[in-house]
Each structure stands twice: as C-alpha cells, then as structure tokens.
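Visitor: Structure file model.txt, compact mmCIF, C-alpha atoms, is pasted below:
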# COMPACT_ATOMS: atom_id res chain seq x y z
CA MET L 1 46.01 399.10 227.91
CA ALA L 2 47.62 395.65 227.57
CA GLY L 3 48.22 396.28 223.90
CA LYS L 4 50.03 399.53 224.55
CA LEU L 5 52.47 397.92 226.97
CA LYS L 6 53.25 394.99 224.70
CA PHE L 7 56.42 396.68 223.51
CA LEU L 8 57.80 396.14 227.02
CA ILE L 9 57.89 392.36 226.62
CA PRO L 10 61.04 392.13 224.46
CA ILE L 11 62.73 394.73 226.66
CA ALA L 12 61.93 392.66 229.76
CA VAL L 13 63.22 389.47 228.10
CA PHE L 14 66.38 391.29 227.08
CA ALA L 15 66.90 392.64 230.61
CA GLY L 16 66.48 389.14 232.00
CA MET L 17 69.11 387.76 229.64
CA VAL L 18 71.51 390.58 230.50
CA ALA L 19 71.07 389.74 234.20
CA ILE L 20 71.84 386.05 233.57
CA PHE L 21 74.91 386.75 231.43
CA TYR L 22 76.16 389.41 233.83
CA LYS L 23 76.08 386.88 236.64
CA GLY L 24 77.84 384.35 234.40
CA LEU L 25 80.59 386.86 233.68
CA TYR L 26 81.64 386.90 237.32
CA SER L 27 81.25 383.25 238.22
CA ASP L 28 84.50 381.34 238.42
CA PRO L 29 84.48 378.37 236.03
CA THR L 30 87.30 376.69 237.93
CA LEU L 31 85.02 376.17 240.93
CA VAL L 32 83.28 373.06 239.71
CA SER L 33 80.77 371.88 242.26
CA SER L 34 81.33 368.33 243.35
CA PRO L 35 78.68 365.74 242.54
CA PHE L 36 79.61 364.03 245.81
CA ILE L 37 78.05 366.57 248.16
CA ASP L 38 75.60 364.76 250.47
CA LYS L 39 76.72 361.41 249.09
CA ALA L 40 78.66 358.66 250.80
CA ALA L 41 82.44 358.90 250.58
CA PRO L 42 83.62 356.77 247.63
CA VAL L 43 85.28 353.52 248.58
CA PHE L 44 89.04 353.26 248.58
CA ASN L 45 91.77 351.08 249.95
CA LEU L 46 95.23 352.61 250.03
CA PRO L 47 98.54 352.06 251.80
CA THR L 48 99.54 354.60 254.42
CA LEU L 49 102.43 357.01 254.03
CA TYR L 50 104.61 355.62 256.79
CA ASP L 51 103.73 351.96 256.51
CA ASP L 52 103.24 350.42 253.10
CA GLN L 53 101.80 347.27 254.67
CA LYS L 54 99.03 349.13 256.48
CA HIS L 55 95.96 350.13 254.50
CA ILE L 56 93.20 352.56 255.23
CA THR L 57 89.71 352.65 253.74
CA GLU L 58 86.71 354.97 253.80
CA ALA L 59 85.55 353.08 256.93
CA GLU L 60 88.01 355.33 258.85
CA PHE L 61 85.57 358.22 258.46
CA LYS L 62 82.69 356.56 260.31
CA GLY L 63 81.73 357.79 263.77
CA ARG L 64 83.40 361.22 263.73
CA ILE L 65 83.53 364.37 261.69
CA SER L 66 86.71 364.52 259.69
CA LEU L 67 88.55 366.30 256.92
CA PHE L 68 90.02 364.59 253.91
CA ASN L 69 92.74 366.75 252.41
CA VAL L 70 94.26 366.12 248.99
CA TRP L 71 97.87 367.26 248.84
CA ALA L 72 101.27 366.71 247.28
CA SER L 73 104.76 367.95 248.00
CA TRP L 74 104.97 369.47 244.49
CA CYS L 75 101.89 371.59 245.06
CA PRO L 76 102.38 375.30 245.85
CA GLY L 77 98.80 375.75 247.09
CA CYS L 78 99.42 373.02 249.62
CA ALA L 79 102.39 374.92 251.01
CA ARG L 80 100.17 377.97 251.44
CA GLU L 81 97.47 376.12 253.34
CA HIS L 82 99.84 374.09 255.51
CA GLU L 83 99.81 376.61 258.38
CA MET L 84 96.03 376.46 258.37
CA LEU L 85 96.02 372.65 258.55
CA LEU L 86 98.47 372.74 261.44
CA MET L 87 96.20 375.19 263.21
CA ILE L 88 93.13 372.99 262.70
CA ALA L 89 95.06 369.98 264.00
CA ARG L 90 96.21 371.95 267.05
CA ASP L 91 93.04 373.84 267.94
CA THR L 92 90.22 371.45 267.06
CA ASP L 93 89.42 367.81 267.66
CA ILE L 94 88.69 367.19 263.98
CA PRO L 95 91.06 364.63 262.51
CA ILE L 96 92.64 365.48 259.15
CA TYR L 97 93.12 362.52 256.86
CA GLY L 98 95.47 363.14 253.99
CA LEU L 99 95.39 361.86 250.46
CA ASN L 100 98.96 362.14 249.29
CA TRP L 101 98.19 362.52 245.62
CA LYS L 102 100.46 361.80 242.64
CA ASP L 103 103.47 362.24 244.87
CA GLU L 104 106.62 360.39 245.84
CA ARG L 105 106.67 358.75 249.25
CA GLN L 106 110.13 360.10 250.13
CA ALA L 107 109.26 363.64 249.10
CA ALA L 108 106.00 363.55 251.06
CA GLN L 109 107.71 362.28 254.21
CA LYS L 110 110.39 364.95 253.89
CA TRP L 111 107.69 367.62 253.49
CA LEU L 112 105.98 366.55 256.71
CA ARG L 113 109.26 366.31 258.58
CA GLU L 114 110.21 369.85 257.61
CA ARG L 115 106.85 371.58 257.97
CA GLY L 116 105.13 369.60 260.69
CA ASN L 117 102.50 366.92 260.30
CA PRO L 118 98.85 367.92 260.78
CA TYR L 119 97.54 364.59 259.50
CA THR L 120 96.09 361.78 261.58
CA VAL L 121 97.09 359.39 258.84
CA ASN L 122 97.95 359.72 255.15
CA ALA L 123 96.79 357.50 252.31
CA VAL L 124 99.15 357.22 249.36
CA ASP L 125 97.55 357.55 245.93
CA ARG L 126 100.56 357.70 243.69
CA ASP L 127 98.76 356.80 240.48
CA ASN L 128 95.60 358.86 240.96
CA VAL L 129 93.19 355.96 241.20
CA THR L 130 91.36 357.05 244.33
CA GLY L 131 91.76 360.66 243.19
CA ILE L 132 89.66 359.98 240.10
CA ASP L 133 87.08 358.08 242.16
CA TRP L 134 86.78 361.15 244.37
CA GLY L 135 86.58 363.56 241.43
CA VAL L 136 89.83 365.26 242.40
CA TYR L 137 91.22 367.52 239.72
CA GLY L 138 93.90 369.44 241.48
CA ALA L 139 95.59 369.84 244.80
CA PRO L 140 94.79 371.08 247.34
CA GLU L 141 91.20 370.00 247.81
CA THR L 142 89.51 369.46 251.15
CA PHE L 143 86.44 367.35 251.82
CA LEU L 144 84.35 367.62 254.97
CA ILE L 145 82.95 364.24 255.95
CA ASP L 146 80.33 363.78 258.65
CA GLY L 147 80.01 361.00 261.22
CA GLU L 148 78.10 358.76 258.87
CA GLY L 149 80.78 358.95 256.20
CA ILE L 150 78.76 361.39 254.06
CA ILE L 151 80.60 364.15 252.21
CA ARG L 152 79.12 367.48 253.27
CA TYR L 153 81.41 369.97 251.61
CA LYS L 154 84.32 370.23 249.24
CA HIS L 155 86.69 373.13 249.04
CA ILE L 156 88.94 373.55 246.02
CA GLY L 157 92.16 375.46 246.56
CA PRO L 158 94.08 376.37 249.71
CA LEU L 159 92.16 376.55 252.98
CA THR L 160 92.10 379.96 254.61
CA PRO L 161 90.77 381.11 258.00
CA GLU L 162 87.95 382.95 256.14
CA ILE L 163 86.81 379.86 254.26
CA TRP L 164 87.16 377.76 257.38
CA ALA L 165 84.90 380.12 259.32
CA ALA L 166 82.38 380.72 256.56
CA GLU L 167 82.02 377.29 254.96
CA PHE L 168 83.37 374.66 257.29
CA LEU L 169 82.41 375.70 260.83
CA PRO L 170 78.63 376.02 260.21
CA ARG L 171 78.55 372.63 258.50
CA ILE L 172 80.64 371.09 261.26
CA GLU L 173 78.08 372.39 263.80
CA THR L 174 75.23 370.80 261.83
CA ALA L 175 77.13 367.52 261.55
CA ARG L 176 77.88 367.62 265.29
CA ALA L 177 74.21 368.05 266.11
CA THR L 178 73.32 365.08 263.91
CA LEU L 179 76.06 363.00 265.45
CA ALA L 180 74.93 363.87 268.99
CA GLY L 181 71.34 363.03 268.03
CA ALA L 182 72.42 359.64 266.72
CA ASP L 183 74.28 358.86 269.95
CA SER L 184 71.44 359.59 272.35
CA MET I 1 91.37 381.56 186.80
CA ILE I 2 94.54 381.98 188.86
CA ARG I 3 92.44 383.27 191.67
CA ALA I 4 90.26 380.16 191.57
CA THR I 5 93.36 377.94 191.62
CA THR I 6 94.81 379.80 194.60
CA PHE I 7 91.50 379.51 196.39
CA GLY I 8 91.36 375.82 195.67
CA LEU I 9 94.91 375.37 196.98
CA LEU I 10 94.12 377.23 200.17
CA ILE I 11 91.05 375.10 200.77
CA GLY I 12 93.18 372.03 200.12
CA LEU I 13 95.74 373.20 202.69
CA LEU I 14 92.98 373.70 205.18
CA GLY I 15 92.08 370.06 204.77
CA LEU I 16 95.68 369.08 205.48
CA SER I 17 95.85 371.00 208.73
CA PHE I 18 95.30 369.10 211.92
CA THR I 19 94.97 369.98 215.58
CA ALA I 20 97.64 369.11 218.08
CA SER I 21 96.80 366.07 220.13
CA ALA I 22 98.32 364.81 223.36
CA VAL I 23 97.26 361.28 222.56
CA ASP I 24 100.28 359.34 221.42
CA PRO I 25 99.28 358.03 217.98
CA SER I 26 101.70 355.10 218.20
CA ASP I 27 99.95 354.07 221.38
CA LYS I 28 96.89 352.71 219.61
CA LEU I 29 94.49 350.21 221.02
CA GLU I 30 94.73 346.91 219.18
CA ASP I 31 91.08 346.68 218.25
CA PRO I 32 90.37 349.43 215.67
CA ILE I 33 86.74 349.83 216.82
CA GLN I 34 87.87 350.24 220.42
CA ASN I 35 90.53 352.68 219.30
CA GLU I 36 87.87 354.75 217.51
CA LEU I 37 85.71 354.78 220.63
CA TYR I 38 88.67 355.74 222.82
CA LEU I 39 89.57 358.66 220.56
CA ALA I 40 85.95 359.78 220.27
CA ILE I 41 85.41 359.83 224.04
CA THR I 42 88.66 361.60 224.86
CA LYS I 43 87.70 364.35 222.42
CA GLU I 44 84.43 364.96 224.23
CA VAL I 45 85.75 365.02 227.75
CA ARG I 46 86.76 368.37 229.18
CA CYS I 47 90.11 368.68 230.87
CA LEU I 48 89.11 370.31 234.14
CA VAL I 49 92.55 371.76 234.75
CA CYS I 50 92.67 373.47 231.37
CA GLN I 51 89.00 373.86 230.66
CA ASN I 52 89.08 374.82 227.02
CA GLN I 53 90.91 371.70 226.01
CA SER I 54 89.60 368.20 225.68
CA ILE I 55 91.59 365.51 227.45
CA ALA I 56 92.65 364.32 224.00
CA ASP I 57 94.41 367.67 223.47
CA SER I 58 95.70 368.31 226.94
CA THR I 59 99.11 367.39 228.26
CA ALA I 60 98.03 368.01 231.87
CA PRO I 61 98.80 365.08 234.19
CA LEU I 62 95.14 364.78 235.18
CA ALA I 63 94.17 364.47 231.51
CA ALA I 64 96.72 361.69 231.11
CA ASP I 65 95.25 359.88 234.13
CA LEU I 66 91.73 360.19 232.75
CA ARG I 67 92.89 358.93 229.35
CA ARG I 68 94.41 355.94 231.09
CA GLU I 69 91.13 355.20 232.90
CA ILE I 70 89.06 355.60 229.72
CA ARG I 71 91.47 353.37 227.87
CA ARG I 72 91.19 350.71 230.53
CA MET I 73 87.38 350.84 230.41
CA VAL I 74 87.31 350.69 226.62
CA GLU I 75 89.62 347.68 226.72
CA GLU I 76 87.30 346.05 229.22
CA GLY I 77 84.58 346.41 226.59
CA GLN I 78 82.48 349.06 228.34
CA ASP I 79 80.28 351.17 226.11
CA GLU I 80 80.31 354.94 225.68
CA THR I 81 77.34 355.56 228.01
CA ARG I 82 78.90 353.63 230.87
CA ILE I 83 82.24 355.36 230.49
CA LYS I 84 80.62 358.79 230.37
CA ASN I 85 78.49 357.93 233.39
CA PHE I 86 81.66 356.95 235.23
CA LEU I 87 83.12 360.40 234.54
CA VAL I 88 79.95 362.36 235.27
CA GLU I 89 79.43 360.54 238.59
CA ARG I 90 82.86 361.71 239.66
CA TYR I 91 83.35 365.08 238.02
CA GLY I 92 79.81 366.27 237.28
CA ASP I 93 78.12 367.21 234.00
CA PHE I 94 80.70 369.89 233.38
CA ILE I 95 83.23 367.30 232.26
CA LEU I 96 81.24 366.60 229.10
CA TYR I 97 81.42 369.20 226.38
CA ARG I 98 77.96 368.30 225.14
CA PRO I 99 75.64 368.92 228.08
CA ARG I 100 73.17 366.22 228.95
CA PHE I 101 69.44 366.63 229.02
CA ARG I 102 68.59 367.37 232.65
CA SER I 103 65.64 368.94 234.44
CA TRP I 104 67.65 372.02 235.40
CA ASN I 105 68.99 372.70 231.93
CA ILE I 106 65.75 372.07 230.06
CA VAL I 107 65.65 375.78 229.15
CA LEU I 108 68.98 375.37 227.43
CA TRP I 109 67.68 372.51 225.31
CA LEU I 110 64.13 373.57 224.62
CA GLY I 111 64.51 377.36 224.89
CA PRO I 112 65.52 377.98 221.27
CA VAL I 113 62.73 375.73 219.96
CA ALA I 114 60.20 377.41 222.25
CA LEU I 115 61.37 380.86 221.12
CA MET I 116 60.98 379.84 217.49
CA VAL I 117 57.47 378.53 218.08
CA VAL I 118 56.51 381.76 219.87
CA GLY I 119 57.98 383.74 216.98
CA PHE I 120 55.99 381.81 214.38
CA ILE I 121 52.76 382.21 216.35
CA ALA I 122 53.35 385.95 216.64
CA LEU I 123 54.12 386.15 212.93
CA ALA I 124 51.00 384.17 212.00
CA MET I 125 48.83 386.36 214.21
CA ASN I 126 50.33 389.49 212.72
CA ILE I 127 49.75 388.30 209.16
CA ARG I 128 46.16 387.37 209.92
CA ARG I 129 45.50 390.72 211.52
CA ARG I 130 46.95 392.57 208.56
CA LYS I 131 44.91 390.48 206.15
CA SER I 132 41.71 391.54 207.85
CA LEU I 133 42.64 395.24 207.60
CA PRO I 134 41.01 397.28 204.80
CA ILE I 135 43.52 397.53 201.96
CA ASP I 136 43.63 401.32 201.60
CA GLU I 137 44.64 401.74 205.27
CA ASP I 138 48.08 400.24 204.61
CA ALA I 139 48.66 402.41 201.55
CA PRO I 140 51.09 405.32 202.01
Any chance you could put this one into structure tokens?
Guide:
Amino acid sequence: MAGKLKFLIPIAVFAGMVAIFYKGLYSDPTLVSSPFIDKAAPVFNLPTLYDDQKHITEAEFKGRISLFNVWASWCPGCAREHEMLLMIARDTDIPIYGLNWKDERQAAQKWLRERGNPYTVNAVDRDNVTGIDWGVYGAPETFLIDGEGIIRYKHIGPLTPEIWAAEFLPRIETARATLAGADS
Amino acid sequence: MIRATTFGLLIGLLGLSFTASAVDPSDKLEDPIQNELYLAITKEVRCLVCQNQSIADSTAPLAADLRREIRRMVEEGQDETRIKNFLVERYGDFILYRPRFRSWNIVLWLGPVALMVVGFIALAMNIRRRKSLPIDEDAP
C-alpha cells in the first residue's frame, strides 16, 4: 500500500514548491518590512522647520499615540497623501510629526503654506542622517508610534483612507487600550 | 587557427569590460585597505530604491547617502560585521545580497544539502535492493 503510493511524494513536493513560488510571484518586493516594528523609536535630535534653534527628539512621542510622517516637497507621493494627512489632523486627536527629509527649508515652508499644514511640528533632516537611522528609503513613509514610544506600524507609500482604516485604526485602538491601562 | 585567435581575442575583450559604477573612483579613501573594504561592502549592499543594483552601482540619492555613511564608518575603523549590522538593524536582512543564516531561512541554507543527502540515501537503497534481486529478473 505505502509502496504503491510512493510515486506521489515527488508530485507533492513539486506542488508545494509551485505554491511557494506562485505566492512569491505576487508579493511586492518594494514593500520591505521594517525591522523597527515593536521596537523603540530610534533616537534623533533635529532642528524644527520653523525655528532652527529649537530641536525635537524622540522624547516627543512619549505619552500619546502619534504618527511620524516622512515627506519632502519634491515628492509626488507626498502630494497625493496630503489631503489624507489634513483629514487626520482635522478629524482625529492624533498628532502628526513630520520628518522633512532631504528637502530645502524654504521649499518645505512654501509647500505647507500653499497646501495647509497637518503637522504638529516638523523635524528637518536635510542630509538623511535620521532617515537612515529610521530605515527610511523613500518618501512618503508613515510610522505609527504608541504612547511608550514604540513603533507599531510602518506604511510605505502614500496614505489612503483604505490603508488608514485597515492598518492604522485597529492598531491605534490597541495602543489606546494599552495607554488607558497604563494610566489607571 | 584563425578561429582560435578570434576566440582568444574575444575572451581578452571580456576581461577588459567593466561594470558601470556610481562610486567616484577619484574619491578614494586614503588607506588602501580601508578603500578595499569600502568598495567590497558597497558592492554587497542592495539599493532599496532600485533593488537590482548594489549601492556601488546606483546613482539613487539614497544609495549616495548610504555610501557616505559606510565611508564614514570605514574611516572610523569599524569592521565589516559592525557596518553590516548597522545596515541590517535599520533596513532588515533584505539590504544584504547574501542572506544571513537565520532560524527562518534555515531551509534556504540547508535545504539543498538535505535534498542531496536524501537523494544519496534513496540511491543507495535502490542499488542495494537491485543487488539482492536474482540476476535473470533484470534481463530483458
């Protein structure tokens, strides 16, 4: 009995490999998962966009759930997601911190003047020092950071209402529950 | 004879060809050993914006930034492992062209060896079985 079915083994192995490769065929290699998920936000110390003398650090993220959005005025994807950021700033109490990445201060300020400013405060990373520490490889990217300063999610590419609802909101709820638990 | 000469010439030309590199050759590190290390590492680091290029080949701004960081670390005297760890901590294993040995990719590393071992065992068993068969049964 077992001997007769032995010819099925290579067929099964082959089918398994086909399944794996088929899945690989449709996975997007540009979506590189971040090694920072569930890790503390990397340290940084950068001047702010409107005041060169003022600096912000990762300590800003402690005590509330926040977004950290990597953007630049030269970045077309950032233009596409700007509406979405404005909406988040208007409709939620989640602060959006910006990392103005590889950009010119003047151009960034002009961008915000023309399109509206959804950011609580912007850090200026002209030379991509903090960007590298955060594993940024393109703009826009958006990190979700919980009340303890732990990165819970990273989205690569423009934010959309669909991604916001599917990926961000559930995680924000979880982070809220943890934060409420820590307070009581 | 002519054919052999032509072949030899073609092979020679092949040796002369070189791949385009975004690393500015005049921008060498002073210490030749450090320069070697810098070039070696940049060739093994994937440019995440243009994934089929190493950062040595890529002209993407991110690749230039990573080259700058690697250069700085090499100049500080850090070794290859530390520099690669720096990159993997930030960008994940995907940034290295040669994957590292990890628990989740053990199949990738040991799979071929395991398959070969299984194949040899099967072959040995088959040979032994055939040896024990009466000779005339195999005859046509």
Visitor: Select, from I:Arg90, I:Arg68, I:Lys43, I:Lys28, the residue with the minimum atom-to-atom distance to chain L, counting only C-alpha atoms.
Guide: I:Arg90
Visitor: Contacts from chain L to chain I, 8 Å maximum, all atoms listed in the file: show me the residue list as a short mmCIF file (atom, residue, chain, number, x, y, z; two decimals) with C-alpha atoms, keeping the file's coordinate frame.
Guide:
data_model
loop_
_atom_site.label_atom_id
_atom_site.label_comp_id
_atom_site.auth_asym_id
_atom_site.auth_seq_id
_atom_site.Cartn_x
_atom_site.Cartn_y
_atom_site.Cartn_z
CA THR L 30 87.30 376.69 237.93
CA VAL L 32 83.28 373.06 239.71
CA SER L 33 80.77 371.88 242.26
CA SER L 34 81.33 368.33 243.35
CA PRO L 35 78.68 365.74 242.54
CA PHE L 36 79.61 364.03 245.81
CA ASP L 127 98.76 356.80 240.48
CA ASN L 128 95.60 358.86 240.96
CA ILE L 132 89.66 359.98 240.10
CA ASP L 133 87.08 358.08 242.16
CA TRP L 134 86.78 361.15 244.37
CA GLY L 135 86.58 363.56 241.43
CA VAL L 136 89.83 365.26 242.40
CA TYR L 137 91.22 367.52 239.72
CA GLY L 138 93.90 369.44 241.48
#
Visitor: I need the residue nearest L:Glu58 from this list: L:Ala177, L:Cys78, L:Leu99, L:Ile156. Use only C-alpha atoms for the distance.
Guide: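 Between L:Ala177, L:Cys78, L:Leu99, L:Ile156, the residue approaching L:Glu58 most closely is L:Leu99.
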Visitor: To one decimal place in Å, what is the distance between atom CA of I:Leu96 and atom CA of I:Val45?
Guide: 5.0 Å
Visitor: Quick one: distance from atom CA of I:Ala56 to atom CA of I:Phe101 in Å, one decimal?
Guide: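 We find that atom CA of I:Ala56 and atom CA of I:Phe101 lie 23.9 Å from each other.
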Visitor: Find the residues near L:Val43: any atom within 12 Å, counting all atoms listed in the file, skip ones fewer than 4 places away on the same chain, and give them as a PyMOL selection string.
Guide: chain L and resi 39+56-61+129-134+149-150
Visitor: For atom CA of L:Tyr97 and atom CA of L:Leu67, determine how far apart the two atoms are, in Å to one decimal place.
Guide: 5.9 Å
Visitor: Work out where the centre of an axis-aligned box around every listed atom of stretch 115-122 of chain L lies and how long its edges are once 5 Å is added on each side; give both in Å to one decimal as lines of an AutoDock Vina configuration file.
Guide:
center_x = 101.5
center_y = 365.5
center_z = 258.4
size_x = 20.8
size_y = 22.2
size_z = 16.4
Visitor: Compile the contact shell of L:Pro47 as an NGL selection string: residues with an atom at most 6 Å away, counting all atoms listed in the file, same-chain residues fewer than 3 positions apart removed.
Guide: :L and (52 or 54-55 or 123-124)
Visitor: Excluding I:Gln34 and any residue of its chain fewer than 5 positions from it, enumerate the residues within 8 Å of it, using all atoms listed in the file, and give them as a PyMOL selection string.
Guide: chain I and resi 29+74-75+77
Visitor: Dump stretch 23-47 of chain L with N, CA and C atoms to a file, as a CSV table (one decimal), in the first residue's frame.
Guide:
chain,number,residue,atom,x,y,z
L,23,LYS,N,3.1,32.2,-4.8
L,23,LYS,CA,2.9,33.3,-3.8
L,23,LYS,C,4.0,34.4,-4.0
L,24,GLY,N,5.2,33.9,-4.2
L,24,GLY,CA,6.3,34.8,-4.4
L,24,GLY,C,6.1,35.7,-5.6
L,25,LEU,N,5.5,35.2,-6.6
L,25,LEU,CA,5.3,35.9,-7.9
L,25,LEU,C,4.4,37.1,-7.7
L,26,TYR,N,3.5,37.1,-6.7
L,26,TYR,CA,2.6,38.2,-6.5
L,26,TYR,C,2.9,39.0,-5.3
L,27,SER,N,4.0,38.7,-4.6
L,27,SER,CA,4.4,39.6,-3.5
L,27,SER,C,5.2,40.8,-4.0
L,28,ASP,N,5.0,41.9,-3.4
L,28,ASP,CA,5.6,43.1,-3.9
L,28,ASP,C,7.0,43.3,-3.2
L,29,PRO,N,8.1,43.2,-4.0
L,29,PRO,CA,9.4,43.3,-3.3
L,29,PRO,C,9.7,44.7,-2.8
L,30,THR,N,8.9,45.7,-3.3
L,30,THR,CA,9.2,47.1,-2.8
L,30,THR,C,8.7,47.3,-1.4
L,31,LEU,N,7.8,46.4,-0.9
L,31,LEU,CA,7.3,46.5,0.5
L,31,LEU,C,8.2,45.8,1.4
L,32,VAL,N,9.3,46.4,1.8
L,32,VAL,CA,10.2,45.8,2.7
L,32,VAL,C,9.7,46.0,4.1
L,33,SER,N,9.5,44.9,4.9
L,33,SER,CA,9.0,45.1,6.2
L,33,SER,C,10.1,45.7,7.1
L,34,SER,N,9.7,46.6,7.9
L,34,SER,CA,10.6,47.4,8.8
L,34,SER,C,11.1,46.5,9.9
L,35,PRO,N,12.4,46.5,10.2
L,35,PRO,CA,12.9,45.8,11.4
L,35,PRO,C,12.5,46.5,12.7
L,36,PHE,N,11.9,47.7,12.6
L,36,PHE,CA,11.7,48.5,13.8
L,36,PHE,C,10.3,48.2,14.4
L,37,ILE,N,9.5,47.4,13.7
L,37,ILE,CA,8.2,47.2,14.3
L,37,ILE,C,8.3,46.5,15.7
L,38,ASP,N,7.5,47.1,16.6
L,38,ASP,CA,7.6,46.7,18.1
L,38,ASP,C,8.9,47.0,18.7
L,39,LYS,N,9.7,47.9,18.1
L,39,LYS,CA,10.9,48.4,18.8
L,39,LYS,C,10.8,49.9,19.1
L,40,ALA,N,11.6,50.3,20.0
L,40,ALA,CA,11.6,51.7,20.4
L,40,ALA,C,12.0,52.6,19.3
L,41,ALA,N,11.3,53.8,19.2
L,41,ALA,CA,11.7,54.7,18.1
L,41,ALA,C,13.2,55.1,18.2
L,42,PRO,N,13.9,55.0,17.1
L,42,PRO,CA,15.4,55.4,17.2
L,42,PRO,C,15.6,56.8,17.7
L,43,VAL,N,16.6,57.0,18.3
L,43,VAL,CA,16.9,58.4,18.9
L,43,VAL,C,17.2,59.3,17.7
L,44,PHE,N,16.8,60.6,17.9
L,44,PHE,CA,17.2,61.6,17.0
L,44,PHE,C,17.2,62.9,17.7
L,45,ASN,N,17.8,63.9,17.1
L,45,ASN,CA,17.8,65.3,17.6
L,45,ASN,C,17.9,66.2,16.4
L,46,LEU,N,16.8,66.8,16.0
L,46,LEU,CA,16.8,67.6,14.8
L,46,LEU,C,16.2,69.0,15.0
L,47,PRO,N,16.6,70.0,14.3
L,47,PRO,CA,16.0,71.3,14.3
L,47,PRO,C,14.6,71.2,13.7
